[in-house]
Structures are given as C-alpha cells and as structure tokens.
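File shown here: run.cif, holding mmCIF, C-alpha atoms and all ligand atoms.
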data_structure
#
loop_
_atom_site.group_PDB
_atom_site.id
_atom_site.type_symbol
_atom_site.label_atom_id
_atom_site.label_comp_id
_atom_site.auth_asym_id
_atom_site.auth_seq_id
_atom_site.Cartn_x
_atom_site.Cartn_y
_atom_site.Cartn_z
ATOM 1 C CA MET I 919 -97.320 -108.859 32.210
ATOM 2 C CA THR I 920 -97.553 -107.167 35.563
ATOM 3 C CA VAL I 921 -99.479 -107.901 38.709
ATOM 4 C CA MET I 922 -101.059 -104.564 39.624
ATOM 5 C CA THR I 923 -101.982 -103.295 43.078
ATOM 6 C CA ILE I 924 -105.656 -103.776 43.865
ATOM 7 C CA LEU I 925 -107.254 -100.811 45.636
ATOM 8 C CA GLU I 926 -109.173 -101.658 48.778
ATOM 9 C CA ILE I 927 -111.914 -99.780 50.634
ATOM 10 C CA PRO I 928 -112.020 -96.997 51.653
ATOM 11 C CA HIS I 929 -109.790 -95.859 48.730
ATOM 12 C CA PRO I 930 -111.679 -92.945 47.099
ATOM 13 C CA GLY I 931 -110.701 -94.176 43.622
ATOM 14 C CA LEU I 932 -113.198 -97.024 44.048
ATOM 15 C CA ARG I 933 -115.992 -94.447 44.124
ATOM 16 C CA GLU I 934 -115.098 -92.731 40.827
ATOM 17 C CA MET I 935 -117.007 -93.069 37.566
ATOM 18 C CA ALA I 936 -114.888 -94.697 34.843
ATOM 19 C CA ALA I 937 -114.791 -93.232 31.330
ATOM 20 C CA PRO I 938 -115.641 -95.183 28.160
ATOM 21 C CA VAL I 939 -112.651 -96.445 26.165
ATOM 22 C CA ALA I 940 -112.601 -94.242 23.043
ATOM 23 C CA ALA I 941 -110.336 -96.519 20.994
ATOM 24 C CA ILE I 942 -108.914 -99.942 21.803
ATOM 25 C CA THR I 943 -105.158 -99.653 21.404
ATOM 26 C CA ASP I 944 -102.120 -101.796 22.258
ATOM 27 C CA GLU I 945 -102.108 -99.913 25.547
ATOM 28 C CA THR I 946 -105.676 -101.096 26.250
ATOM 29 C CA ARG I 947 -104.670 -104.673 25.414
ATOM 30 C CA ALA I 948 -101.652 -104.420 27.728
ATOM 31 C CA LEU I 949 -103.992 -103.197 30.491
ATOM 32 C CA ILE I 950 -106.312 -106.156 29.823
ATOM 33 C CA ASP I 951 -103.388 -108.630 30.059
ATOM 34 C CA ASP I 952 -102.194 -107.058 33.304
ATOM 35 C CA MET I 953 -105.719 -107.162 34.718
ATOM 36 C CA PHE I 954 -105.997 -110.904 33.994
ATOM 37 C CA GLU I 955 -102.586 -111.483 35.593
ATOM 38 C CA THR I 956 -103.693 -109.473 38.643
ATOM 39 C CA MET I 957 -107.039 -111.257 38.928
ATOM 40 C CA TYR I 958 -105.522 -114.761 38.706
ATOM 41 C CA ASP I 959 -102.790 -113.799 41.183
ATOM 42 C CA ALA I 960 -105.465 -112.652 43.661
ATOM 43 C CA ARG I 961 -107.585 -115.776 42.987
ATOM 44 C CA GLY I 962 -110.557 -113.685 41.903
ATOM 45 C CA ILE I 963 -113.160 -114.380 39.219
ATOM 46 C CA GLY I 964 -113.675 -110.782 38.105
ATOM 47 C CA LEU I 965 -111.838 -107.467 38.103
ATOM 48 C CA ALA I 966 -112.745 -103.961 36.930
ATOM 49 C CA ALA I 967 -110.075 -101.458 35.829
ATOM 50 C CA THR I 968 -111.350 -99.129 38.567
ATOM 51 C CA GLN I 969 -109.964 -101.608 41.115
ATOM 52 C CA VAL I 970 -106.418 -101.168 39.790
ATOM 53 C CA GLY I 971 -106.749 -97.374 39.703
ATOM 54 C CA VAL I 972 -107.470 -97.048 35.978
ATOM 55 C CA LEU I 973 -110.699 -95.149 35.339
ATOM 56 C CA GLN I 974 -111.565 -96.823 32.034
ATOM 57 C CA ARG I 975 -114.559 -99.036 31.345
ATOM 58 C CA VAL I 976 -112.740 -102.368 31.157
ATOM 59 C CA VAL I 977 -113.743 -105.579 32.957
ATOM 60 C CA VAL I 978 -112.138 -109.019 32.962
ATOM 61 C CA ILE I 979 -113.958 -112.142 34.147
ATOM 62 C CA ASP I 980 -112.986 -115.793 34.384
ATOM 63 C CA LEU I 981 -115.336 -117.965 36.423
ATOM 64 C CA GLN I 982 -112.770 -120.809 36.117
ATOM 65 C CA GLU I 983 -115.530 -123.377 36.376
ATOM 66 C CA PRO I 984 -114.513 -127.019 36.181
ATOM 67 C CA GLU I 985 -115.913 -129.066 33.292
ATOM 68 C CA GLU I 986 -117.271 -131.583 35.807
ATOM 69 C CA PRO I 987 -118.435 -130.850 39.382
ATOM 70 C CA GLU I 988 -115.307 -132.320 41.000
ATOM 71 C CA GLY I 989 -112.915 -131.461 38.167
ATOM 72 C CA GLU I 990 -110.032 -129.026 37.880
ATOM 73 C CA PRO I 991 -110.913 -125.364 37.242
ATOM 74 C CA VAL I 992 -110.728 -124.525 33.544
ATOM 75 C CA ARG I 993 -109.607 -121.070 32.432
ATOM 76 C CA ASP I 994 -112.098 -119.203 30.276
ATOM 77 C CA PRO I 995 -110.938 -115.554 30.143
ATOM 78 C CA LYS I 996 -113.548 -113.021 29.035
ATOM 79 C CA VAL I 997 -112.957 -109.309 28.526
ATOM 80 C CA PHE I 998 -115.649 -106.630 28.357
ATOM 81 C CA VAL I 999 -114.738 -103.170 27.103
ATOM 82 C CA ASN I 1000 -117.458 -100.504 27.570
ATOM 83 C CA PRO I 1001 -119.955 -103.078 28.896
ATOM 84 C CA GLU I 1002 -123.557 -101.901 29.061
ATOM 85 C CA LEU I 1003 -126.575 -103.601 30.592
ATOM 86 C CA THR I 1004 -129.272 -103.474 27.904
ATOM 87 C CA TRP I 1005 -131.834 -105.558 29.841
ATOM 88 C CA THR I 1006 -132.279 -107.072 33.282
ATOM 89 C CA SER I 1007 -134.871 -109.635 34.393
ATOM 90 C CA GLU I 1008 -137.478 -108.900 37.034
ATOM 91 C CA GLU I 1009 -136.702 -112.267 38.538
ATOM 92 C CA THR I 1010 -133.824 -111.994 40.996
ATOM 93 C CA ALA I 1011 -131.119 -114.303 42.306
ATOM 94 C CA THR I 1012 -129.070 -114.147 45.493
ATOM 95 C CA TYR I 1013 -125.377 -114.967 45.653
ATOM 96 C CA ASN I 1014 -122.890 -114.815 48.487
ATOM 97 C CA GLU I 1015 -120.668 -112.118 46.927
ATOM 98 C CA GLY I 1016 -117.128 -111.137 47.702
ATOM 99 C CA CYS I 1017 -114.786 -108.557 46.189
ATOM 100 C CA LEU I 1018 -111.013 -108.248 45.858
ATOM 101 C CA SER I 1019 -111.363 -104.639 47.072
ATOM 102 C CA ILE I 1020 -113.093 -105.830 50.273
ATOM 103 C CA PRO I 1021 -110.874 -108.842 51.037
ATOM 104 C CA GLU I 1022 -112.256 -111.928 52.781
ATOM 105 C CA GLN I 1023 -115.681 -110.389 53.399
ATOM 106 C CA TYR I 1024 -118.867 -111.832 51.959
ATOM 107 C CA ALA I 1025 -122.571 -111.032 51.945
ATOM 108 C CA GLU I 1026 -125.735 -112.252 50.270
ATOM 109 C CA VAL I 1027 -126.624 -109.829 47.474
ATOM 110 C CA GLU I 1028 -129.854 -109.894 45.477
ATOM 111 C CA ARG I 1029 -129.661 -108.859 41.802
ATOM 112 C CA PRO I 1030 -131.564 -109.526 38.569
ATOM 113 C CA ALA I 1031 -131.136 -113.235 37.792
ATOM 114 C CA ARG I 1032 -130.528 -112.637 34.070
ATOM 115 C CA CYS I 1033 -129.198 -109.730 32.059
ATOM 116 C CA ARG I 1034 -128.244 -108.753 28.532
ATOM 117 C CA VAL I 1035 -124.898 -107.081 28.046
ATOM 118 C CA LYS I 1036 -123.455 -105.210 25.069
ATOM 119 C CA TRP I 1037 -119.662 -104.813 24.928
ATOM 120 C CA LEU I 1038 -116.544 -104.636 22.778
ATOM 121 C CA ASP I 1039 -113.869 -107.339 22.787
ATOM 122 C CA ARG I 1040 -110.090 -106.770 22.768
ATOM 123 C CA ASP I 1041 -110.162 -106.266 18.993
ATOM 124 C CA GLY I 1042 -112.998 -103.749 19.148
ATOM 125 C CA ALA I 1043 -115.680 -106.101 17.794
ATOM 126 C CA SER I 1044 -119.164 -105.545 19.242
ATOM 127 C CA HIS I 1045 -121.066 -108.307 21.059
ATOM 128 C CA GLU I 1046 -124.395 -108.665 22.824
ATOM 129 C CA GLU I 1047 -125.343 -111.688 24.873
ATOM 130 C CA GLU I 1048 -127.724 -112.784 27.619
ATOM 131 C CA PHE I 1049 -126.225 -114.184 30.810
ATOM 132 C CA ASP I 1050 -127.645 -116.073 33.771
ATOM 133 C CA GLY I 1051 -126.343 -117.754 36.905
ATOM 134 C CA LEU I 1052 -123.013 -116.688 38.373
ATOM 135 C CA MET I 1053 -122.006 -114.930 35.137
ATOM 136 C CA ALA I 1054 -125.040 -112.606 35.367
ATOM 137 C CA THR I 1055 -124.173 -111.725 38.956
ATOM 138 C CA CYS I 1056 -120.477 -111.287 38.221
ATOM 139 C CA ILE I 1057 -120.896 -108.968 35.217
ATOM 140 C CA GLN I 1058 -123.392 -106.805 37.160
ATOM 141 C CA HIS I 1059 -120.950 -106.636 40.103
ATOM 142 C CA GLU I 1060 -118.114 -105.557 37.758
ATOM 143 C CA ILE I 1061 -120.206 -102.971 35.867
ATOM 144 C CA ASP I 1062 -121.119 -101.547 39.291
ATOM 145 C CA HIS I 1063 -117.377 -101.016 39.918
ATOM 146 C CA LEU I 1064 -117.141 -98.903 36.739
ATOM 147 C CA ASN I 1065 -119.850 -96.679 38.244
ATOM 148 C CA GLY I 1066 -118.165 -96.422 41.645
ATOM 149 C CA VAL I 1067 -120.600 -98.870 43.260
ATOM 150 C CA LEU I 1068 -119.586 -101.742 45.574
ATOM 151 C CA PHE I 1069 -121.523 -104.881 46.551
ATOM 152 C CA ILE I 1070 -121.828 -103.568 50.106
ATOM 153 C CA ASP I 1071 -124.005 -100.740 48.710
ATOM 154 C CA HIS I 1072 -126.669 -103.370 47.946
ATOM 155 C CA ILE I 1073 -126.991 -104.665 51.523
ATOM 156 C CA SER I 1074 -128.410 -103.208 54.729
ATOM 157 C CA ARG I 1075 -126.486 -100.537 56.589
ATOM 158 C CA LEU I 1076 -126.176 -102.865 59.560
ATOM 159 C CA LYS I 1077 -124.538 -105.602 57.468
ATOM 160 C CA ARG I 1078 -122.349 -103.050 55.684
ATOM 161 C CA ASP I 1079 -121.084 -101.609 58.978
ATOM 162 C CA MET I 1080 -120.386 -105.141 60.195
ATOM 163 C CA ILE I 1081 -118.254 -105.911 57.118
ATOM 164 C CA VAL I 1082 -116.294 -102.664 57.450
ATOM 165 C CA LYS I 1083 -115.656 -103.434 61.139
ATOM 166 C CA LYS I 1084 -114.610 -107.042 60.445
ATOM 167 C CA LEU I 1085 -112.221 -105.852 57.739
ATOM 168 C CA ALA I 1086 -110.674 -103.256 60.074
ATOM 169 C CA LYS I 1087 -110.211 -105.962 62.708
ATOM 170 C CA ALA I 1088 -108.618 -108.359 60.218
ATOM 171 C CA ARG I 1089 -106.225 -105.631 59.007
ATOM 172 C CA LYS I 1090 -105.246 -104.806 62.601
ATOM 173 C CA ALA I 1091 -104.578 -108.482 63.315
ATOM 174 C CA ALA I 1092 -102.440 -108.761 60.173
ATOM 175 C CA ALA I 1093 -100.456 -105.591 60.942
HETATM 176 NI NI NI B 1 -115.581 -106.435 43.203
#
Can you dump the structure from the file as structure tokens?
Amino acid sequence: MTVMTILEIPHPGLREMAAPVAAITDETRALIDDMFETMYDARGIGLAATQVGVLQRVVVIDLQEPEEPEGEPVRDPKVFVNPELTWTSEETATYNEGCLSIPEQYAEVERPARCRVKWLDRDGASHEEEFDGLMATCIQHEIDHLNGVLFIDHISRLKRDMIVKKLAKARKAAA
C-alpha cells in the first residue's frame, strides 16, 4: 500500500468533476487500499479520490469513533463507490468541518442533518442506507469533493477569504 499525495487548494484538480467507476477491478481495490492508507496517515476521517488526483467516484470514510466516550478510537473502514444522495432531510445540522485539502482550517458548515446514500462496495454489491450525525455530514462533504465542491463553498465569502489568508500565512511560516 502507498501513501498518496493529497492535493491542497488552490490545485485545479480539486475543482474537477469525477467520473463514475464503470467496473470495480483489482485496480479500483488497490486505489481504495491506498486511499485508506493515505487517510490514516494524514489523520483524516474521510477522503475522496479527487483529493489524490484520481477523478473517479470513490470515497473512503472511517470516523474512528471510540466504543466509549473516553475509549481508544476503533477503526471502522467504509468505502463508497459511485455514492449518490437519494434523499436529504429538511432539518439541518452544523458541524465544525475541516478538510485534508485545506489543512488546519475549520469552519461551521450547515448541511442536511440526515441523508440516504446509494453506493457500491469494493465487491460491486449495491447498498442503500440512511445516515445521521457526523456520518451524514462526512459523506455529504466527500460527495461534494467528487463534484469539485469544497466545504469553504458553503460558507460566507468573508469567512472563505479568511481561511484562504490564514492558510497562506501558515504555509509561509512553515516554508
Ligand atoms: Ni475534504
């Protein structure tokens, strides 16, 4: 398995529309494994193929939630090939979102609190399930990536400009 390079803003690849996976092959499964490796290495909870420069509709998520509030994080890897939102609730929820492509920057983002998602797993089997809580937010954030959309597109221009400026400053300091 390989840790891939994660694209960061303003890389134009992050704004591209990803294509559906026509057939899940060993190559797709290798991509999925590499994406998990990359996500864990970066200490993220979700990653879209778009973020590693592959314009295919593949998302990996692992919320790594502990079994008890103070417990150790437990791995629970989930892969979504060709994920589609089939329903979203009118009720919304707000989370302080971050993104591996916009490192160390966070903002409150409002999205539908619950959603239904249809997808294929790594063996090509079809699933449909309703999600709520952090999982609902995370899968919507990752599907956005497949459409070239970033969480900063959901906030005010003022807040977006602030994040871009803070990131530029942090990069300068690190250089
Ligand atoms: Ni992201």
>> Can you pull out the residues contacting range 950-952 of chain I? Cut-off 9 Å, using all atoms listed in the file, and skip same-chain residues under 6 positions away; I want them as a ChimeraX atom specification.
In response: /I:919-922,967,976-978,997,1040
> Residues at most 9 Å from ligand NI 1 (chain B), using all atoms listed in the file? Could they come as a count of residues only?
Replying inline: 18
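Using all atoms listed in the file, the smallest distance between any of I:Phe1049, I:Tyr1024, I:Val992, I:Lys1036 and Arg1078 in chain I comes from I:Tyr1024.
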> Restricting the calculation to all atoms listed in the file, which member of I:Gln1023, I:Gln974, I:Asn1014, I:Asn1000 is positioned closest to Ala1086 in chain I?
Replying inline: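 Smallest separation from Ala1086 in chain I among the options: I:Gln1023.
For the atom pair formed by CA of Arg1075 in chain I and CA of Ala960 in chain I, the distance is 27.5 Å, given to one decimal.
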Completion step: range 990-1018 of chain I with N, CA and C atoms as a PDB file, in the frame of the given file:
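As a result, part.pdb now contains:
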ATOM      1  N   GLU I 990    -110.964-130.153  37.751  1.00  0.00           N
ATOM      2  CA  GLU I 990    -110.032-129.026  37.880  1.00  0.00           C
ATOM      3  C   GLU I 990    -110.664-127.773  37.260  1.00  0.00           C
ATOM      4  N   PRO I 991    -110.408-126.592  37.859  1.00  0.00           N
ATOM      5  CA  PRO I 991    -110.913-125.364  37.242  1.00  0.00           C
ATOM      6  C   PRO I 991    -110.330-125.172  35.838  1.00  0.00           C
ATOM      7  N   VAL I 992    -111.161-124.743  34.919  1.00  0.00           N
ATOM      8  CA  VAL I 992    -110.728-124.525  33.544  1.00  0.00           C
ATOM      9  C   VAL I 992    -110.747-123.021  33.263  1.00  0.00           C
ATOM     10  N   ARG I 993    -109.657-122.511  32.723  1.00  0.00           N
ATOM     11  CA  ARG I 993    -109.607-121.070  32.432  1.00  0.00           C
ATOM     12  C   ARG I 993    -110.450-120.724  31.212  1.00  0.00           C
ATOM     13  N   ASP I 994    -111.212-119.663  31.346  1.00  0.00           N
ATOM     14  CA  ASP I 994    -112.098-119.203  30.276  1.00  0.00           C
ATOM     15  C   ASP I 994    -112.146-117.672  30.342  1.00  0.00           C
ATOM     16  N   PRO I 995    -111.014-117.010  29.977  1.00  0.00           N
ATOM     17  CA  PRO I 995    -110.938-115.554  30.143  1.00  0.00           C
ATOM     18  C   PRO I 995    -111.885-114.799  29.221  1.00  0.00           C
ATOM     19  N   LYS I 996    -112.612-113.847  29.819  1.00  0.00           N
ATOM     20  CA  LYS I 996    -113.548-113.021  29.035  1.00  0.00           C
ATOM     21  C   LYS I 996    -113.267-111.565  29.354  1.00  0.00           C
ATOM     22  N   VAL I 997    -113.185-110.742  28.310  1.00  0.00           N
ATOM     23  CA  VAL I 997    -112.957-109.309  28.526  1.00  0.00           C
ATOM     24  C   VAL I 997    -114.140-108.516  27.984  1.00  0.00           C
ATOM     25  N   PHE I 998    -114.519-107.491  28.719  1.00  0.00           N
ATOM     26  CA  PHE I 998    -115.649-106.630  28.357  1.00  0.00           C
ATOM     27  C   PHE I 998    -115.167-105.183  28.365  1.00  0.00           C
ATOM     28  N   VAL I 999    -115.086-104.585  27.187  1.00  0.00           N
ATOM     29  CA  VAL I 999    -114.738-103.170  27.103  1.00  0.00           C
ATOM     30  C   VAL I 999    -116.047-102.402  26.881  1.00  0.00           C
ATOM     31  N   ASN I1000    -116.222-101.311  27.613  1.00  0.00           N
ATOM     32  CA  ASN I1000    -117.458-100.504  27.570  1.00  0.00           C
ATOM     33  C   ASN I1000    -118.721-101.361  27.729  1.00  0.00           C
ATOM     34  N   PRO I1001    -118.761-102.234  28.737  1.00  0.00           N
ATOM     35  CA  PRO I1001    -119.955-103.078  28.896  1.00  0.00           C
ATOM     36  C   PRO I1001    -121.156-102.238  29.317  1.00  0.00           C
ATOM     37  N   GLU I1002    -122.302-102.614  28.757  1.00  0.00           N
ATOM     38  CA  GLU I1002    -123.557-101.901  29.061  1.00  0.00           C
ATOM     39  C   GLU I1002    -124.648-102.921  29.299  1.00  0.00           C
ATOM     40  N   LEU I1003    -125.411-102.748  30.360  1.00  0.00           N
ATOM     41  CA  LEU I1003    -126.575-103.601  30.592  1.00  0.00           C
ATOM     42  C   LEU I1003    -127.696-103.088  29.688  1.00  0.00           C
ATOM     43  N   THR I1004    -128.188-103.919  28.784  1.00  0.00           N
ATOM     44  CA  THR I1004    -129.272-103.474  27.904  1.00  0.00           C
ATOM     45  C   THR I1004    -130.616-104.014  28.370  1.00  0.00           C
ATOM     46  N   TRP I1005    -130.593-104.990  29.294  1.00  0.00           N
ATOM     47  CA  TRP I1005    -131.834-105.558  29.841  1.00  0.00           C
ATOM     48  C   TRP I1005    -131.497-106.321  31.113  1.00  0.00           C
ATOM     49  N   THR I1006    -132.400-106.230  32.090  1.00  0.00           N
ATOM     50  CA  THR I1006    -132.279-107.072  33.282  1.00  0.00           C
ATOM     51  C   THR I1006    -133.627-107.702  33.587  1.00  0.00           C
ATOM     52  N   SER I1007    -133.619-108.921  34.088  1.00  0.00           N
ATOM     53  CA  SER I1007    -134.871-109.635  34.393  1.00  0.00           C
ATOM     54  C   SER I1007    -135.488-109.100  35.669  1.00  0.00           C
ATOM     55  N   GLU I1008    -136.809-109.271  35.775  1.00  0.00           N
ATOM     56  CA  GLU I1008    -137.478-108.900  37.034  1.00  0.00           C
ATOM     57  C   GLU I1008    -137.176-109.942  38.092  1.00  0.00           C
ATOM     58  N   GLU I1009    -137.054-111.166  37.634  1.00  0.00           N
ATOM     59  CA  GLU I1009    -136.702-112.267  38.538  1.00  0.00           C
ATOM     60  C   GLU I1009    -135.300-111.998  39.102  1.00  0.00           C
ATOM     61  N   THR I1010    -135.127-112.261  40.384  1.00  0.00           N
ATOM     62  CA  THR I1010    -133.824-111.994  40.996  1.00  0.00           C
ATOM     63  C   THR I1010    -133.157-113.289  41.454  1.00  0.00           C
ATOM     64  N   ALA I1011    -131.884-113.178  41.764  1.00  0.00           N
ATOM     65  CA  ALA I1011    -131.119-114.303  42.306  1.00  0.00           C
ATOM     66  C   ALA I1011    -130.219-113.751  43.403  1.00  0.00           C
ATOM     67  N   THR I1012    -129.918-114.575  44.382  1.00  0.00           N
ATOM     68  CA  THR I1012    -129.070-114.147  45.493  1.00  0.00           C
ATOM     69  C   THR I1012    -127.798-114.989  45.516  1.00  0.00           C
ATOM     70  N   TYR I1013    -126.665-114.286  45.553  1.00  0.00           N
ATOM     71  CA  TYR I1013    -125.377-114.967  45.653  1.00  0.00           C
ATOM     72  C   TYR I1013    -124.614-114.421  46.848  1.00  0.00           C
ATOM     73  N   ASN I1014    -123.782-115.249  47.428  1.00  0.00           N
ATOM     74  CA  ASN I1014    -122.890-114.815  48.487  1.00  0.00           C
ATOM     75  C   ASN I1014    -121.687-114.165  47.793  1.00  0.00           C
ATOM     76  N   GLU I1015    -121.692-112.824  47.703  1.00  0.00           N
ATOM     77  CA  GLU I1015    -120.668-112.118  46.927  1.00  0.00           C
ATOM     78  C   GLU I1015    -119.477-111.710  47.768  1.00  0.00           C
ATOM     79  N   GLY I1016    -118.342-111.666  47.103  1.00  0.00           N
ATOM     80  CA  GLY I1016    -117.128-111.137  47.702  1.00  0.00           C
ATOM     81  C   GLY I1016    -116.509-110.181  46.702  1.00  0.00           C
ATOM     82  N   CYS I1017    -115.406-109.541  47.067  1.00  0.00           N
ATOM     83  CA  CYS I1017    -114.786-108.557  46.189  1.00  0.00           C
ATOM     84  C   CYS I1017    -113.317-108.414  46.570  1.00  0.00           C
ATOM     85  N   LEU I1018    -112.440-108.374  45.571  1.00  0.00           N
ATOM     86  CA  LEU I1018    -111.013-108.248  45.858  1.00  0.00           C
ATOM     87  C   LEU I1018    -110.685-106.917  46.536  1.00  0.00           C
TER      88      LEU I1018
END
